[in-house]
file target.cif (mmCIF, C-alpha atoms)
data_input
loop_
_atom_site.label_atom_id
_atom_site.label_comp_id
_atom_site.auth_asym_id
_atom_site.auth_seq_id
_atom_site.Cartn_x
_atom_site.Cartn_y
_atom_site.Cartn_z
CA MET A 72 -23.45 5.64 -35.45
CA THR A 73 -19.72 5.18 -34.89
CA THR A 74 -19.11 8.94 -34.85
CA THR A 75 -21.87 9.51 -32.29
CA THR A 76 -20.55 6.76 -30.03
CA SER A 77 -17.01 8.12 -30.27
CA THR A 78 -18.21 11.65 -29.48
CA ARG A 79 -20.13 10.48 -26.44
CA SER A 80 -17.12 8.51 -25.22
CA THR A 81 -14.89 11.57 -25.61
CA GLU A 82 -17.38 13.78 -23.77
CA ARG A 83 -17.70 11.23 -20.98
CA LEU A 84 -13.90 10.92 -20.65
CA SER A 85 -13.38 14.69 -20.62
CA ALA A 86 -15.95 15.01 -17.87
CA THR A 87 -14.05 12.68 -15.56
CA THR A 88 -11.44 13.98 -13.16
CA LEU A 89 -7.71 13.38 -13.40
CA LEU A 90 -5.72 11.80 -10.57
CA ARG A 91 -1.93 11.87 -10.51
CA PHE A 92 -0.52 9.24 -8.18
CA ALA A 93 2.80 7.56 -7.45
CA THR A 94 3.74 4.12 -6.18
CA ALA A 95 6.62 3.57 -3.77
CA GLY A 96 8.00 0.89 -1.51
CA SER A 97 11.07 -1.14 -0.70
CA VAL A 98 12.80 -3.54 -3.10
CA ASP A 99 10.66 -6.55 -4.12
CA ASP A 100 7.56 -5.26 -2.37
CA GLY A 101 5.71 -5.72 -5.66
CA LYS A 102 5.19 -2.17 -6.96
CA SER A 103 5.55 -3.03 -10.64
CA THR A 104 3.36 -6.11 -10.22
CA LEU A 105 0.66 -3.99 -8.58
CA VAL A 106 0.81 -1.47 -11.42
CA GLY A 107 0.71 -4.26 -13.99
CA ARG A 108 -2.26 -5.83 -12.22
CA LEU A 109 -4.07 -2.47 -12.19
CA LEU A 110 -3.49 -2.01 -15.90
CA HIS A 111 -4.38 -5.61 -16.77
CA ASP A 112 -7.50 -6.01 -14.65
CA SER A 113 -8.84 -2.56 -15.59
CA LYS A 114 -8.54 -3.55 -19.28
CA SER A 115 -5.96 -0.80 -19.91
CA VAL A 116 -3.41 -3.04 -21.66
CA LEU A 117 -3.35 -3.34 -25.43
CA ALA A 118 -3.38 -6.83 -26.88
CA ASP A 119 0.07 -6.54 -28.43
CA GLN A 120 1.53 -5.30 -25.11
CA LEU A 121 0.08 -8.27 -23.26
CA GLU A 122 1.32 -10.64 -25.96
CA ALA A 123 4.84 -9.21 -25.65
CA VAL A 124 4.77 -9.66 -21.87
CA GLU A 125 3.52 -13.24 -22.20
CA HIS A 126 6.29 -13.99 -24.70
CA ALA A 127 8.97 -12.47 -22.45
CA SER A 128 7.61 -14.38 -19.45
CA ARG A 129 7.74 -17.70 -21.34
CA ASN A 130 11.34 -17.01 -22.33
CA ARG A 131 12.16 -16.62 -18.65
CA GLY A 132 10.51 -19.96 -17.81
CA GLN A 133 7.40 -18.50 -16.17
CA GLN A 134 4.05 -20.16 -16.68
CA ALA A 135 1.90 -17.07 -16.06
CA PRO A 136 2.62 -13.62 -17.55
CA ASP A 137 4.80 -11.44 -15.33
CA LEU A 138 2.70 -8.28 -15.12
CA ALA A 139 5.65 -6.33 -13.69
CA LEU A 140 7.10 -6.29 -17.21
CA LEU A 141 4.33 -3.89 -18.24
CA THR A 142 6.17 -1.12 -16.37
CA ASP A 143 9.78 -2.30 -16.12
CA GLY A 144 10.71 -1.15 -19.61
CA LEU A 145 14.48 -0.74 -19.34
CA ARG A 146 16.60 -3.73 -20.28
CA ALA A 147 18.48 -3.53 -16.97
CA GLU A 148 15.16 -3.50 -15.11
CA ARG A 149 13.94 -6.65 -16.81
CA GLU A 150 17.24 -8.44 -16.32
CA GLN A 151 17.43 -7.64 -12.61
CA GLY A 152 13.71 -7.70 -11.86
CA ILE A 153 13.84 -4.22 -10.30
CA THR A 154 12.65 -0.72 -11.14
CA ILE A 155 15.43 1.80 -11.79
CA ASP A 156 13.80 4.79 -13.45
CA VAL A 157 10.40 6.39 -12.88
CA ALA A 158 7.93 4.69 -15.22
CA TYR A 159 4.93 6.81 -16.19
CA ARG A 160 1.72 5.17 -17.31
CA TYR A 161 -1.54 6.71 -18.46
CA PHE A 162 -4.84 4.88 -18.22
CA ALA A 163 -8.49 5.55 -17.64
CA THR A 164 -11.66 3.99 -16.33
CA PRO A 165 -15.21 5.24 -16.91
CA ARG A 166 -14.98 7.13 -13.61
CA ARG A 167 -11.53 8.78 -13.76
CA ARG A 168 -8.34 9.32 -15.75
CA PHE A 169 -4.96 8.51 -14.19
CA VAL A 170 -1.33 9.51 -14.54
CA LEU A 171 0.75 6.95 -12.65
CA ALA A 172 4.41 7.22 -11.66
CA ASP A 173 5.96 3.88 -10.68
CA THR A 174 9.05 4.85 -8.66
CA PRO A 175 12.08 2.69 -7.73
CA GLY A 176 12.49 0.94 -4.40
CA HIS A 177 16.29 0.85 -3.99
CA VAL A 178 17.73 3.33 -1.51
CA GLN A 179 20.02 4.82 -4.14
CA TYR A 180 16.99 5.62 -6.30
CA THR A 181 14.91 7.28 -3.57
CA ARG A 182 15.65 10.57 -5.33
CA ASN A 183 13.49 9.34 -8.20
CA MET A 184 10.49 9.22 -5.87
CA VAL A 185 10.89 12.96 -5.35
CA THR A 186 10.42 13.36 -9.09
CA GLY A 187 7.44 11.02 -9.27
CA ALA A 188 5.64 12.34 -6.19
CA SER A 189 6.31 16.06 -6.67
CA THR A 190 3.09 16.49 -8.69
CA ALA A 191 1.12 13.58 -7.19
CA GLU A 192 -2.13 13.97 -5.27
CA LEU A 193 -1.87 10.43 -3.89
CA ALA A 194 0.95 8.05 -3.02
CA VAL A 195 0.61 4.27 -2.79
CA VAL A 196 3.25 2.94 -0.39
CA LEU A 197 3.67 -0.83 -0.61
CA VAL A 198 4.80 -3.03 2.26
CA ASP A 199 5.66 -6.73 2.09
CA ALA A 200 3.38 -8.43 4.62
CA ARG A 201 6.27 -10.74 5.61
CA ASN A 202 8.70 -7.89 6.39
CA GLY A 203 6.43 -5.15 7.73
CA VAL A 204 7.50 -1.51 7.91
CA VAL A 205 11.20 -1.14 7.08
CA GLU A 206 13.50 1.89 6.83
CA GLN A 207 12.73 2.43 3.15
CA THR A 208 9.02 2.43 3.97
CA ARG A 209 9.60 5.20 6.50
CA ARG A 210 11.75 7.09 4.00
CA HIS A 211 9.01 6.99 1.37
CA ALA A 212 6.41 8.10 3.91
CA ALA A 213 8.68 10.99 4.87
CA VAL A 214 9.13 12.04 1.24
CA ALA A 215 5.36 11.91 0.67
CA ALA A 216 4.79 14.06 3.75
CA LEU A 217 7.57 16.44 2.81
CA LEU A 218 6.07 16.94 -0.65
CA ARG A 219 2.64 17.54 0.90
CA VAL A 220 0.97 14.63 -0.89
CA PRO A 221 -2.56 14.86 0.57
CA HIS A 222 -3.54 11.18 0.34
CA VAL A 223 -1.43 8.13 1.21
CA VAL A 224 -2.51 4.52 0.63
CA LEU A 225 -0.73 1.76 2.55
CA ALA A 226 -0.94 -1.36 0.37
CA VAL A 227 0.06 -4.37 2.48
CA ASN A 228 1.11 -6.72 -0.33
CA LYS A 229 1.76 -10.46 -0.54
CA MET A 230 -1.01 -11.29 1.91
CA ASP A 231 -1.21 -14.68 0.18
CA LEU A 232 2.21 -15.52 1.64
CA VAL A 233 1.00 -14.96 5.22
CA ASP A 234 -2.21 -16.97 4.76
CA TYR A 235 -4.29 -13.78 4.48
CA ALA A 236 -3.96 -13.32 8.25
CA GLU A 237 -5.82 -10.28 9.59
CA PRO A 238 -3.52 -9.78 12.63
CA VAL A 239 -0.51 -9.39 10.33
CA PHE A 240 -2.27 -6.67 8.35
CA ALA A 241 -3.58 -4.94 11.48
CA THR A 242 -0.13 -4.76 13.09
CA ILE A 243 1.51 -3.28 9.98
CA ALA A 244 -1.35 -0.82 9.40
CA GLU A 245 -1.21 0.40 12.99
CA GLU A 246 2.57 0.95 12.91
CA PHE A 247 2.57 2.75 9.56
CA THR A 248 -0.46 4.89 10.37
CA ALA A 249 1.11 6.10 13.62
CA TYR A 250 4.36 6.94 11.84
CA ALA A 251 2.73 8.74 8.89
CA ALA A 252 0.38 10.65 11.18
CA SER A 253 3.36 11.91 13.18
CA LEU A 254 4.72 13.31 9.89
CA GLY A 255 1.49 15.22 9.34
CA VAL A 256 0.01 13.10 6.53
CA PRO A 257 -3.67 14.14 6.57
CA GLU A 258 -5.24 10.94 5.22
CA ILE A 259 -4.00 7.34 5.37
CA THR A 260 -5.92 4.38 3.94
CA ALA A 261 -4.67 0.83 4.54
CA ILE A 262 -5.63 -1.96 2.10
CA PRO A 263 -4.55 -5.64 2.29
CA ILE A 264 -3.72 -6.96 -1.19
CA SER A 265 -2.00 -9.61 -3.22
CA ALA A 266 -0.83 -8.00 -6.45
CA LEU A 267 0.25 -11.35 -7.88
CA ALA A 268 -3.11 -13.05 -7.25
CA GLY A 269 -5.21 -9.91 -7.79
CA ASP A 270 -6.76 -9.79 -4.31
CA ASN A 271 -8.28 -6.36 -3.53
CA VAL A 272 -6.51 -4.68 -6.45
CA VAL A 273 -9.42 -4.31 -8.87
CA GLU A 274 -11.77 -7.00 -7.59
CA PRO A 275 -12.58 -7.73 -3.90
CA SER A 276 -10.76 -10.69 -2.41
CA ALA A 277 -12.58 -13.91 -1.63
CA HIS A 278 -9.81 -14.80 0.85
CA MET A 279 -10.14 -11.76 3.13
CA ASP A 280 -13.80 -11.54 4.11
CA TRP A 281 -12.65 -9.79 7.31
CA TYR A 282 -11.77 -6.71 5.23
CA GLY A 283 -14.70 -4.47 4.34
CA GLY A 284 -12.94 -1.50 2.77
CA PRO A 285 -12.42 -0.52 -0.88
CA THR A 286 -10.14 -2.16 -3.39
CA VAL A 287 -7.14 -0.19 -4.61
CA LEU A 288 -8.84 0.83 -7.85
CA GLU A 289 -12.09 1.70 -6.10
CA HIS A 290 -10.23 3.99 -3.74
CA LEU A 291 -8.30 5.59 -6.62
CA GLU A 292 -11.57 6.23 -8.44
CA THR A 293 -13.35 7.79 -5.47
CA VAL A 294 -10.71 9.66 -3.47
CA PRO A 295 -11.54 13.39 -3.55
CA VAL A 296 -9.23 15.38 -5.80
CA SER A 297 -9.07 19.16 -5.81
CA HIS A 298 -7.73 20.92 -8.91
CA ASP A 299 -9.05 24.35 -7.94
CA LEU A 300 -5.86 26.33 -8.33
CA THR A 301 -7.94 29.49 -8.71
CA ALA A 302 -8.36 29.56 -4.94
CA CYS A 303 -4.58 29.81 -4.45
CA HIS A 304 -2.43 32.93 -4.40
CA ALA A 305 -2.26 34.26 -7.97
CA ARG A 306 1.24 33.89 -9.39
CA PHE A 307 2.54 34.43 -12.94
CA PRO A 308 6.22 33.66 -13.62
CA VAL A 309 7.31 35.43 -16.80
CA GLN A 310 8.86 33.10 -19.38
CA TYR A 311 9.24 35.38 -22.37
CA VAL A 312 8.72 39.02 -23.37
CA ILE A 313 6.89 39.40 -26.69
CA ARG A 314 7.80 42.48 -28.76
CA PRO A 315 6.87 41.84 -32.43
CA GLN A 316 7.51 45.49 -33.49
CA THR A 317 5.67 44.99 -36.75
CA ALA A 318 3.52 47.40 -38.73
CA GLU A 319 0.46 45.57 -37.40
CA HIS A 320 1.67 45.63 -33.78
CA PRO A 321 4.13 48.54 -33.47
CA ASP A 322 3.74 49.03 -29.71
CA TYR A 323 2.79 45.53 -28.55
CA ARG A 324 4.53 44.45 -25.32
CA GLY A 325 3.31 41.22 -23.76
CA TYR A 326 4.61 38.94 -21.04
CA ALA A 327 4.12 35.28 -21.86
CA GLY A 328 4.08 32.39 -19.43
CA ARG A 329 1.99 29.84 -17.59
CA ILE A 330 -0.13 30.90 -14.65
CA ALA A 331 1.26 28.93 -11.71
CA ALA A 332 -1.73 29.49 -9.44
CA GLY A 333 -4.79 31.66 -8.99
CA ALA A 334 -6.48 33.88 -11.57
CA PHE A 335 -5.77 37.21 -13.24
CA ARG A 336 -8.37 39.70 -14.50
CA VAL A 337 -8.26 42.71 -16.77
CA GLY A 338 -8.11 45.87 -14.68
CA GLU A 339 -6.50 44.14 -11.70
CA ALA A 340 -3.70 45.96 -9.89
CA VAL A 341 -0.51 43.90 -9.96
CA THR A 342 3.07 44.18 -8.79
CA VAL A 343 6.18 42.94 -10.57
CA LEU A 344 8.72 41.20 -8.36
CA PRO A 345 11.47 41.50 -7.33
CA SER A 346 11.49 45.16 -8.50
CA GLY A 347 8.23 46.00 -6.70
CA ARG A 348 6.92 48.18 -9.56
CA THR A 349 3.13 48.27 -9.87
CA SER A 350 0.69 48.53 -12.76
CA THR A 351 -2.66 47.15 -13.89
CA VAL A 352 -3.52 44.34 -16.29
CA SER A 353 -4.66 46.08 -19.48
CA ALA A 354 -5.28 42.92 -21.54
CA ILE A 355 -4.95 39.14 -21.48
CA ASP A 356 -4.29 37.18 -24.69
CA ALA A 357 -5.04 33.46 -24.74
CA LEU A 358 -4.85 31.31 -27.88
CA GLY A 359 -4.84 34.38 -30.11
CA GLU A 360 -7.92 35.94 -28.51
CA SER A 361 -8.43 38.59 -25.84
CA VAL A 362 -10.10 37.39 -22.65
CA ASP A 363 -11.19 39.15 -19.47
CA VAL A 364 -9.94 36.51 -17.04
CA ALA A 365 -7.40 33.66 -17.07
CA TRP A 366 -6.56 31.07 -14.46
CA ALA A 367 -4.05 28.33 -13.65
CA PRO A 368 -2.69 26.36 -15.42
CA GLN A 369 -3.43 28.33 -18.61
CA SER A 370 -0.58 29.64 -20.76
CA VAL A 371 -1.34 33.27 -21.61
CA THR A 372 0.20 36.63 -22.41
CA LEU A 373 -0.40 39.47 -19.96
CA ARG A 374 -0.24 43.09 -21.06
CA LEU A 375 0.21 45.88 -18.52
CA ALA A 376 -0.89 49.50 -18.63
CA ASP A 377 2.63 50.80 -17.93
CA ASP A 378 5.97 50.15 -19.60
CA ILE A 379 8.02 48.41 -16.92
CA ASP A 380 11.37 46.71 -17.17
CA ILE A 381 10.26 43.07 -17.01
CA SER A 382 12.24 40.04 -18.14
CA ARG A 383 12.26 36.26 -17.83
CA GLY A 384 12.27 35.20 -14.19
CA ASP A 385 10.19 38.09 -12.88
CA LEU A 386 6.96 37.26 -11.06
CA ILE A 387 3.67 39.09 -11.53
CA ALA A 388 1.25 38.93 -8.59
CA PRO A 389 -1.75 40.92 -7.29
CA VAL A 390 -0.76 43.99 -5.26
CA ALA A 391 -2.99 42.88 -2.39
CA ASP A 392 -1.56 39.34 -2.29
CA ALA A 393 2.09 39.56 -3.25
CA PRO A 394 4.70 37.21 -1.75
CA ALA A 395 7.57 38.52 0.33
CA VAL A 396 10.86 39.12 -1.45
CA THR A 397 13.97 37.76 0.24
CA GLN A 398 17.57 36.74 -0.30
CA ASP A 399 17.61 34.44 2.74
CA VAL A 400 15.91 31.11 2.10
CA GLU A 401 15.22 28.57 4.85
CA ALA A 402 13.94 25.28 3.54
CA THR A 403 13.66 21.54 3.91
CA VAL A 404 15.46 19.68 1.16
CA CYS A 405 15.94 16.19 -0.21
CA HIS A 406 19.45 15.78 -1.55
CA VAL A 407 19.42 13.82 -4.81
CA ALA A 408 23.01 13.98 -6.14
CA ASP A 409 25.83 11.53 -5.51
CA GLN A 410 28.15 14.38 -4.48
CA PRO A 411 27.36 15.79 -1.02
CA LEU A 412 25.92 19.22 -0.29
CA VAL A 413 28.20 21.06 2.14
CA VAL A 414 28.17 24.34 4.05
CA GLY A 415 29.78 27.09 1.99
CA GLN A 416 29.04 25.43 -1.34
CA ARG A 417 28.27 27.67 -4.31
CA VAL A 418 25.16 26.66 -6.22
CA LEU A 419 22.54 27.92 -8.62
CA LEU A 420 18.99 28.18 -7.29
CA LYS A 421 16.21 27.68 -9.84
CA HIS A 422 12.78 28.95 -8.76
CA THR A 423 10.00 28.89 -11.38
CA THR A 424 11.59 30.64 -14.39
CA ARG A 425 14.28 32.44 -12.39
CA THR A 426 17.82 31.12 -11.81
CA VAL A 427 20.18 32.97 -9.45
CA LYS A 428 23.56 32.36 -7.83
CA ALA A 429 23.44 31.25 -4.22
CA ILE A 430 25.56 29.89 -1.40
CA VAL A 431 24.72 27.29 1.26
CA LYS A 432 25.13 29.29 4.47
CA ASP A 433 24.16 26.56 6.95
CA ILE A 434 22.81 23.04 7.28
CA PRO A 435 21.15 23.20 10.71
CA SER A 436 19.91 19.62 10.86
CA ARG A 437 19.42 16.28 9.14
CA LEU A 438 16.32 14.18 9.70
CA THR A 439 16.75 10.77 11.33
CA LEU A 440 14.01 8.59 9.88
CA ASP A 441 13.86 6.02 12.66
CA ASP A 442 12.50 8.37 15.33
CA LEU A 443 12.04 11.61 13.32
CA SER A 444 14.63 13.36 15.46
CA GLN A 445 16.84 16.12 14.07
CA HIS A 446 20.57 15.43 13.95
CA PRO A 447 22.03 18.90 14.59
CA ALA A 448 24.73 20.54 12.47
CA PRO A 449 25.63 17.59 10.21
CA GLY A 450 27.80 19.83 8.03
CA ARG A 451 26.73 18.01 4.88
CA LEU A 452 23.92 16.11 3.23
CA VAL A 453 24.58 13.01 1.16
CA ALA A 454 22.38 11.32 -1.43
CA ASN A 455 18.80 10.71 -0.23
CA ASP A 456 19.29 12.72 2.99
CA ILE A 457 16.46 14.97 4.13
CA GLY A 458 17.51 18.04 6.06
CA ARG A 459 17.18 21.75 6.73
CA VAL A 460 19.29 24.31 4.87
CA VAL A 461 19.81 28.06 4.95
CA ILE A 462 20.65 29.64 1.59
CA ARG A 463 21.72 33.16 0.67
CA THR A 464 20.93 34.23 -2.90
CA ALA A 465 22.72 36.84 -5.00
CA GLN A 466 19.42 38.38 -6.08
CA PRO A 467 16.03 38.65 -4.34
CA LEU A 468 13.44 35.92 -4.86
CA ALA A 469 9.65 36.08 -4.59
CA LEU A 470 9.26 32.76 -2.81
CA ASP A 471 6.09 31.37 -1.23
CA ALA A 472 6.08 28.85 1.59
CA TYR A 473 5.75 25.34 0.16
CA ALA A 474 2.83 24.73 2.53
CA ASP A 475 0.95 27.51 0.72
CA SER A 476 1.95 26.63 -2.84
CA ARG A 477 3.68 23.52 -4.14
CA ARG A 478 4.40 25.35 -7.39
CA THR A 479 5.94 28.60 -6.19
CA GLY A 480 7.29 27.27 -2.90
CA SER A 481 9.63 24.71 -4.47
CA PHE A 482 13.06 25.13 -6.00
CA LEU A 483 16.13 23.25 -7.21
CA LEU A 484 19.77 23.62 -6.28
CA ILE A 485 22.01 23.09 -9.31
CA ASP A 486 25.75 22.56 -9.69
CA PRO A 487 27.00 25.65 -11.59
CA ALA A 488 29.89 23.64 -13.07
CA ASP A 489 27.93 21.03 -15.02
CA GLY A 490 24.23 21.77 -14.50
CA THR A 491 23.60 18.66 -12.36
CA THR A 492 20.56 18.83 -10.10
CA LEU A 493 21.81 18.61 -6.53
CA THR A 494 18.82 19.13 -4.27
CA ALA A 495 15.05 19.53 -4.35
CA GLY A 496 13.93 22.18 -1.89
CA MET A 497 10.67 23.13 -0.18
CA ALA A 498 10.66 26.63 1.31
CA GLY A 499 9.45 27.23 4.85
CA THR A 500 8.74 24.78 7.64
CA SER A 501 8.28 21.06 7.03
CA PHE A 502 6.52 18.17 8.75
CA ALA A 503 9.28 18.19 11.41
CA ALA A 504 10.00 21.64 12.78
CA ALA A 505 13.60 22.59 12.30
CA SER A 506 15.55 24.07 15.14
CA GLY A 507 15.65 27.81 14.85
CA ASP A 508 19.09 28.29 16.30
CA GLY A 509 22.30 28.35 14.38
CA ALA A 510 20.66 29.41 11.12
CA GLU A 511 21.39 33.11 11.27
CA ASP A 512 24.90 33.98 10.16
CA THR A 513 27.49 31.52 9.00
CA ALA A 514 29.48 34.27 7.31
CA ASP A 515 31.30 33.40 4.13
CA ALA A 516 33.49 36.34 3.18
CA GLU A 517 34.54 34.67 -0.07
CA TRP A 518 31.06 34.77 -1.59
CA ASP A 519 28.86 36.83 0.69
CA PHE A 520 25.71 38.23 -0.95
#
call {"tool": "encode", "arguments": {"input": "target.cif", "output": "structure tokens"}}
result
Amino acid sequence: MTTTTSTRSTERLSATTLLRFATAGSVDDGKSTLVGRLLHDSKSVLADQLEAVEHASRNRGQQAPDLALLTDGLRAEREQGITIDVAYRYFATPRRRFVLADTPGHVQYTRNMVTGASTAELAVVLVDARNGVVEQTRRHAAVAALLRVPHVVLAVNKMDLVDYAEPVFATIAEEFTAYAASLGVPEITAIPISALAGDNVVEPSAHMDWYGGPTVLEHLETVPVSHDLTACHARFPVQYVIRPQTAEHPDYRGYAGRIAAGAFRVGEAVTVLPSGRTSTVSAIDALGESVDVAWAPQSVTLRLADDIDISRGDLIAPVADAPAVTQDVEATVCHVADQPLVVGQRVLLKHTTRTVKAIVKDIPSRLTLDDLSQHPAPGRLVANDIGRVVIRTAQPLALDAYADSRRTGSFLLIDPADGTTLTAGMAGTSFAAASGDGAEDTADAEWDF
């Protein structure tokens, strides 16, 4: 009886979809409290976890358990009552499984939102009903738009502190929706909540009968999520070349890696980039067995009909749908390091499994978040700046536009001296069109590729 019940539960859970989402907002907007309320009210908190939170809350002189402590795990976070690092939480309801990234609100930790939202299909942006839309709110909306997060939820929190007034919510929702829409966010859902009291988080609020929309959890459970990576351009970054050279496999040559997007089939004509050599897929090995077709995000080994010089960092793609190869990269970036990014700086560019030397040829513009205008020729980007860059690489890259593929259109700029991540980049145009002038030739004779 127990085994049957467990099996049915597992089958039911595996049949549900997975939603990756991130929370963001300014300091003290209540992100961690919202996450804690979601976990608590959806019965996703273990008894010993809740007991530990209740004990910690009593030690701090609080009568009710501080649900924010369910996510603020670092000692410094609990002492200061803020979120510093990205806190990942996994939970499930009968309708869907969730991977949640609770990101910090301080300006100096905006870079962490880039990490949390880079794989998210939905972003929950919190706003304090008393303060309305502030600069950090606009910054988080810009990051969500830049990372092409398809769904954004505006959670107007602390409605209990403004007497659950509908006009307050309507004003904030109208301002944020207009701003996010101008960034190109395709879907915006506004929900009035009180994370502390639980209004409209999991259960509908009895204090806001003027609101007829979904609760936060209801929206998370029902928002459409597309995981069909097979419809994308097929891309296979090579991670490792397998040559066992044993008596059993004397001539085996396979190229191992994880399919970034699309599907590959035996007999399909493919090209290897950046060399441009072509061949056909002779076999696909997955989990020790030969298969006729494989798709993202499976980890497989491809075998080709011809012996081609292929190594880690090369990209295998269909001949009919191969990306362009270039050494000149124009992209929108979010600078995440404390040290600035300047014109002429030497960097390493990491794209999928390939890392090449590069130089920053130009920084045409920096985005001004207040009015979304472009500040021309800033010369540098400092921490948390969003701007346009032009990069010249030492070796060709097979780079897609980020708008076409979040996986093969993104890259990192790395400090070659100590390996520090400097910048997260998205190739191609962004939500705000960069000026096309001044990005051609800023010659650097010292390191000109």
call {"tool": "atom_distance", "arguments": {"input": "target.cif", "atom1": "CA of Ser113 (chain A)", "atom2": "CA of Ala93 (chain A)"}}
result
17.4 Å
call {"tool": "closest_residue", "arguments": {"input": "target.cif", "among": "A:Gly284, A:Pro487, A:Pro257, A:Pro295", "to": "Arg91 (chain A)", "atoms": "only C-alpha atoms"}}
result
A:Pro295
call {"tool": "atom_distance", "arguments": {"input": "target.cif", "atom1": "CA of Val461 (chain A)", "atom2": "CA of Val404 (chain A)"}}
result
10.2 Å
call {"tool": "resolve_selection", "arguments": {"input": "target.cif", "expression": "the PyMOL selection byres ((chain A and resi 460) around 6)", "output": "ChimeraX atom specification"}}
result
/A:401-402,433-434,459,461
call {"tool": "closest_residue", "arguments": {"input": "target.cif", "among": "A:Arg219, A:Arg324, A:Arg166, A:Arg329", "to": "Thr293 (chain A)", "atoms": "all atoms listed in the file"}}
result
A:Arg166
call {"tool": "residues_around", "arguments": {"input": "target.cif", "residues": "Ala252 (chain A)", "least_positions_apart": "5", "cutoff": "12 Å", "atoms": "all atoms listed in the file", "output": "PyMOL selection string"}}
result
chain A and resi 209+212-213+215-216+221-223+244-247+257-260+443+502-503
call {"tool": "resolve_selection", "arguments": {"input": "target.cif", "expression": "the PyMOL selection byres ((chain A and resi 377) around 9)", "output": "MDAnalysis selection string"}}
result
chainID A and resid 349:351 353 374:376 378:379
call {"tool": "closest_residue", "arguments": {"input": "target.cif", "among": "A:Gln369, A:Asn455, A:Thr479, A:Gln466", "to": "His422 (chain A)", "atoms": "all atoms listed in the file"}}
result
A:Thr479
call {"tool": "atom_distance", "arguments": {"input": "target.cif", "atom1": "CA of Leu420 (chain A)", "atom2": "CA of Lys432 (chain A)"}}
result
13.3 Å
call {"tool": "residues_near_point", "arguments": {"input": "target.cif", "point": "(2.0, 9.4, -10.1)", "cutoff": "10 Å", "atoms": "all atoms listed in the file", "output": "PyMOL selection string"}}
result
chain A and resi 90-95+157-161+169-174+184+186-195
call {"tool": "residues_around", "arguments": {"input": "target.cif", "residues": "Val343 (chain A)", "least_positions_apart": "2", "cutoff": "8 Å", "atoms": "only C-alpha atoms", "output": "ChimeraX atom specification"}}
result
/A:341,345-349,381,385-388
call {"tool": "resolve_selection", "arguments": {"input": "target.cif", "expression": "the PyMOL selection byres ((chain A and resi 428) around 6)", "output": "ChimeraX atom specification"}}
result
/A:419,427,429,464-465
call {"tool": "residues_around", "arguments": {"input": "target.cif", "residues": "Thr494 (chain A)", "least_positions_apart": "4", "cutoff": "9 Å", "atoms": "only C-alpha atoms", "output": "VMD selection string"}}
result
chain A and resid 404 to 408 412 482 to 485
call {"tool": "closest_residue", "arguments": {"input": "target.cif", "among": "A:His446, A:Arg210, A:Arg336, A:Arg383", "to": "Asp363 (chain A)", "atoms": "all atoms listed in the file"}}
result
A:Arg336
call {"tool": "decode", "arguments": {"input": "target.cif", "residues": "region 475-495 of chain A", "atoms": "C-alpha atoms", "output": "JSON list (two decimals), in the first residue's frame"}}
result
[["chain", "number", "residue", "atom", "x", "y", "z"],
["A", 475, "ASP", "CA", 17.39, 33.89, -30.51],
["A", 476, "SER", "CA", 19.09, 31.78, -27.84],
["A", 477, "ARG", "CA", 19.70, 32.60, -24.19],
["A", 478, "ARG", "CA", 22.17, 29.71, -24.02],
["A", 479, "THR", "CA", 24.41, 30.36, -27.01],
["A", 480, "GLY", "CA", 23.89, 34.11, -27.16],
["A", 481, "SER", "CA", 25.34, 34.83, -23.72],
["A", 482, "PHE", "CA", 28.93, 35.12, -22.58],
["A", 483, "LEU", "CA", 31.16, 36.25, -19.72],
["A", 484, "LEU", "CA", 34.08, 38.65, -19.68],
["A", 485, "ILE", "CA", 36.78, 37.46, -17.28],
["A", 486, "ASP", "CA", 39.85, 39.14, -15.81],
["A", 487, "PRO", "CA", 42.83, 37.19, -17.24],
["A", 488, "ALA", "CA", 44.95, 38.06, -14.19],
["A", 489, "ASP", "CA", 42.87, 36.39, -11.47],
["A", 490, "GLY", "CA", 39.87, 34.77, -13.17],
["A", 491, "THR", "CA", 37.34, 37.23, -11.70],
["A", 492, "THR", "CA", 34.07, 37.52, -13.61],
["A", 493, "LEU", "CA", 33.82, 41.09, -14.86],
["A", 494, "THR", "CA", 30.75, 41.30, -17.04],
["A", 495, "ALA", "CA", 27.74, 39.27, -18.17]]
